[in-house]
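Peer 1: Next up is a structure, given as C-alpha cells.
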Number of protein chains: 2
Amino acid sequence: MAVARTLMKREPPARKRRGHGAVLISDVARLAGVSAITVSRTLNKPQIVADSTRRAVQAAVDRLGYIPNRLAGNLASTQTRTIGVVIPSLFSNIFADSVRGMTDVLGSEGYQVLLGVTDDSLDMETKHVVSLLGQRVAGVILTGGMHQRRTRELLKNSGVPVVETNVMVRSSIDMVVGYSNEAAAYAMTRHLARCGYRRIGFVTTPMERNDRAQARRAGWLRAVREFGLVERAGLFREATLTVSHGARAFGEMLASDPDVEAVFLAHDMLASGAMFEARRRGLRVPDDVGIAGFDDLDIAQEFVPALTTVRTPRYAIGSTAARMVLQRIRGEATGSACVDMGFEIVQRDSTRRPPA
Amino acid sequence: MAVARTLMKREPPARKRRGHGAVLISDVARLAGVSAITVSRTLNKPQIVADSTRRAVQAAVDRLGYIPNRLAGNLASTQTRTIGVVIPSLFSNIFADSVRGMTDVLGSEGYQVLLGVTDDSLDMETKHVVSLLGQRVAGVILTGGMHQRRTRELLKNSGVPVVETNVMVRSSIDMVVGYSNEAAAYAMTRHLARCGYRRIGFVTTPMERNDRAQARRAGWLRAVREFGLVERAGLFREATLTVSHGARAFGEMLASDPDVEAVFLAHDMLASGAMFEARRRGLRVPDDVGIAGFDDLDIAQEFVPALTTVRTPRYAIGSTAARMVLQRIRGEATGSACVDMGFEIVQRDSTRRPPA
DNA sequence: GTGAAAGCGCTAACAC
DNA sequence: GTGTTAGCGCTTTCAC
C-alpha cells in the first residue's frame, strides 16, 4: 500500500502553526458539543439545522467570539462573496456615486467590494484584474469599454461575470450598463444649436485611454457637422479634471477665439471652473457666453446662474451593475445583457433658452 | 495502525472538484519540470531560485496563463496583502483624497485595499470590521476615533495593526494619524475674531456619531467663549453634506439672526452653498457677510471671491496611515504612534483681512 | 438532521 | 537550490 507506506515513512512532527490564539471552528464545535460541519452549517445554512443545535452553536460562537476564516471557507467552497470594482479615479462624484450604488446593493446581499483605482492607466487596470482574479472574486465591474487585450482575455477565460459600466460598447466582454456618451454629447450640442448658438466650443478631460471622453468629443463633432456649426481647431480643448483646469481651458478658448458663443465642458467640475472664470472676466452668462456641463452634480443647480448640464444616472448604473453581477452569480440570468440607462438634458440658466 | 486502518476503510472516490479549467501550480510545475514549491518560490521569492529554473518556470507560467490562487496561498501562509479601509462616505474629496494616498502607497508595495463605506453608521462600521477580520486582512484603517466597544475589542484582540485617521484621540485602538479638528475649528474662529467679526455663526455636518464634527463644533464654541464673541443658539446649525444644504442652512441662519457677521461652515461644500446663497440674495462677500470653509477643496480658490478655509492634509493622512500599517506589518515599528499632520488657515477674500 | 473523511490549492518546515 | 511532506481552516461528499 503506497499510501500507508508513505505515511509511516517518518513520525508526524506534530507541529502546530496556528496563528496567535485565533478561535477555530473546531473550538466552537467542541464547546457546543457538535461536529465542525454542524457549526459550519449553522453559520451558513441555519435553516437546515435543528433549532436546539442552532442555539447551542450560536451560544458557543458568541462566547468564543468566533470569526470564521473566510480564506479557508472560500478555498474549500471555491467561491467568494467579493466583487472586484475597477474605476479610473475617486476624484469626482461620478464614480463615487456609482460605487455607492454598488456597495448598497452588494452589501445588503453579503457581498463586499474590492476596489481598484487605475488613474486612467490600462496597465494598472490589467494589474488590478489579475489581482482580483487571483483572489477569485465572484464578479468584476469595470469602467469604460477600453481595455488591454490581455484584460479581456483573462476575464473571458475566467468565466467570472463582468460588467462594463458608463458606456455602450459594441463588443463587450460580457455585460454592459451605462449610456451612450456619444449620444449624450451630441444631444447637448444639438440642444445648444437649437438655442441659437453657432460657435460652440468643447472641453473634455484627456481623451487618451479614455473611451468615454473620446465618445463625447465624437458626439460634439457629429452635431457640429450635422448642424453646420462653426468648426475650428481652437474650439476644442483638453483639460485635466479640476475646477482650475476648467477655468484655464475656458480662458484659453476665449483668448484664441473671442467670438465663441457657448462652451460645452464634458464635466461639471470643468464647467464650474468656466463659470468662475466668466465671472472673473466680467462676462455675463448666458448673455455674453453660454456654458454647459456634464453629469449634473449637486453643485450645478446652485450656481448663479444655474448650470445647464447632462444628467447621468450614476447611482443607478452602479446598483444595476451590481444586480446584474449577482443575478449571473446566482444563475438567474444568462447571456450578455446591455442596459442603456440613458441620460437627460437639463436646461437651466447658463445657456440661452431654446425657442418655445 | 490507526492511520492506515482509517485510510483503507473506504476506497478513495478519486473525485475531482476542480473549478472550470483553472490552471494549478502543479500544472505549471509539471510543464517546467520542477516541483510545485519551486514554482511557488519562483513567484514569491525569485532571488532564491536558480536563474535557469526561474526562466523555465516563468515560461511555463506565461504559457499556461497561470494566476495563483491567493485564497490558497494566503491560507497556507496565514497572511494576506490586503488592508481594510473603512470610511464614512465617498461623497466629497475628503476621504477620496485619503483613500488615494493609501492606494498609492499600498499599491506600490503589492497591497490591496478592501473598502468599506459606513454612511456614518457605527453598526455598519462594526460589520465591516468583522468582515475584514474574517478575511484576515493584514491591517485596518478607520476614520475617526469613535467606535463601538465591540469594534475596539475585536480589533485589539486581533493583533492586527490599526490606524485611526483624521483625528487626534486620547485613547486610540492602536495608531493614529490626523489633526485636531477642535484645534482647527478653534484656529479659524480665532482668525475670524481677529478679522473683526463678533457674531460668528457655525454650520457643521450632522454631529451624531461623528466625532470630527463634534470636535469642530467644540473648537468653535471654545473660541467664541474665549474671545467673548456673541453666543446664541441661532448661530449654530447642522446640515447634511451637500451644496444645497449648505445654502439652506446659511439662509436659515440669516433669517433667524440677520445680524450675523460671518459664517464658518465646517466643509467647503457647505461653504460653497453659502457663497451661492449669498450671491442669490445680493449679499456682498465679505462686506455684508464673511464666509469661511473647511478642507480647502480645489474649488475654494476658484470662487469669486476666493474662499477662506482650513487646509487639511488629506492625501498625506492616507499615505502616512498606509505607511504606518506597512511598517508595523514588517515589524519595523512597534508601540503606538500618534502623528499630528496639522492644518493651515488659508486667508482668502471671502472674509475680511486681519489687521496687519 | 448530523457526522467522518477527503479535499480546496497553496506554502512552511525540514531534508537532502 | 530543490524536493517531500504536512498542514492552513474551512466545506464538500457521502453515509447514516
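Here's how to read the names in the C-alpha cells: chain A, B, ... by the order shown, residue numbers from 1 in each chain, ligand numbers from 1 in the order shown.
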Could you list, as a list in words, every residue of chain B that has an atom within 6 Å of an atom of chain C, counting only C-alpha atoms (C1' of nucleotides)?
Peer 2: Ala72, Gly73, Ala76 and Ser77 of chain B
Peer 1: Taking 3 positions as the minimum chain separation for residues in the same chain, which residues sit within 12 Å of Arg170 in chain B when counting only C-alpha atoms (C1' of nucleotides)? Answer as a list of chain:residue names.
Peer 2: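 So, after excluding close chain neighbours, the residues are B:Gly144, B:Gly145, B:Met146, B:Glu164, B:Val167, B:Ile173, B:Asp174, B:Met175, B:Val176, B:Ser180, B:Ser336, B:Ala337, B:Cys338.
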Peer 1: With only C-alpha atoms considered, list every residue of chain B at most 6 Å from chain A, as number ranges by chain.
Peer 2: B: 4, 67-71, 75, 90, 96, 114, 134-135, 243, 299
Peer 1: Report as a PyMOL selection string: the residues of range 162-238 of chain A with a DSSP assignment of alpha helix (DSSP H), based on the backbone of this structure.
Peer 2: chain A and resi 181-194+211-226
Peer 1: Counting only C-alpha atoms (C1' of nucleotides), which residues from chain D have an atom at most 8 Å from any atom of chain A, and could you show them as number ranges by chain?
Peer 2: D: 8-12
Peer 1: I'd like the contact shell of Ala187 in chain A - 8 Å cut-off, only C-alpha atoms (C1' of nucleotides), skipping same-chain residues fewer than 6 positions apart - returned as a PDB file with all heavy atoms, in the first residue's frame.
Peer 2:
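This went into around.pdb:
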ATOM      1  N   GLY A 219     -19.386  62.891 -30.283  1.00  0.00           N
ATOM      2  CA  GLY A 219     -20.786  63.331 -30.323  1.00  0.00           C
ATOM      3  C   GLY A 219     -20.874  64.821 -30.611  1.00  0.00           C
ATOM      4  O   GLY A 219     -21.721  65.268 -31.398  1.00  0.00           O
ATOM      5  N   ALA A 223     -22.495  66.558 -34.106  1.00  0.00           N
ATOM      6  CA  ALA A 223     -23.531  67.597 -34.096  1.00  0.00           C
ATOM      7  C   ALA A 223     -23.043  68.856 -34.798  1.00  0.00           C
ATOM      8  O   ALA A 223     -23.784  69.486 -35.564  1.00  0.00           O
ATOM      9  CB  ALA A 223     -23.923  67.910 -32.651  1.00  0.00           C
ATOM     10  N   ILE A 345     -31.045  65.899 -20.827  1.00  0.00           N
ATOM     11  CA  ILE A 345     -30.534  67.260 -20.956  1.00  0.00           C
ATOM     12  C   ILE A 345     -31.278  68.125 -19.947  1.00  0.00           C
ATOM     13  O   ILE A 345     -32.511  68.138 -19.925  1.00  0.00           O
ATOM     14  CB  ILE A 345     -30.792  67.824 -22.373  1.00  0.00           C
ATOM     15  CG1 ILE A 345     -30.110  66.940 -23.433  1.00  0.00           C
ATOM     16  CG2 ILE A 345     -30.309  69.277 -22.469  1.00  0.00           C
ATOM     17  CD1 ILE A 345     -28.607  66.910 -23.350  1.00  0.00           C
TER      18      ILE A 345
END
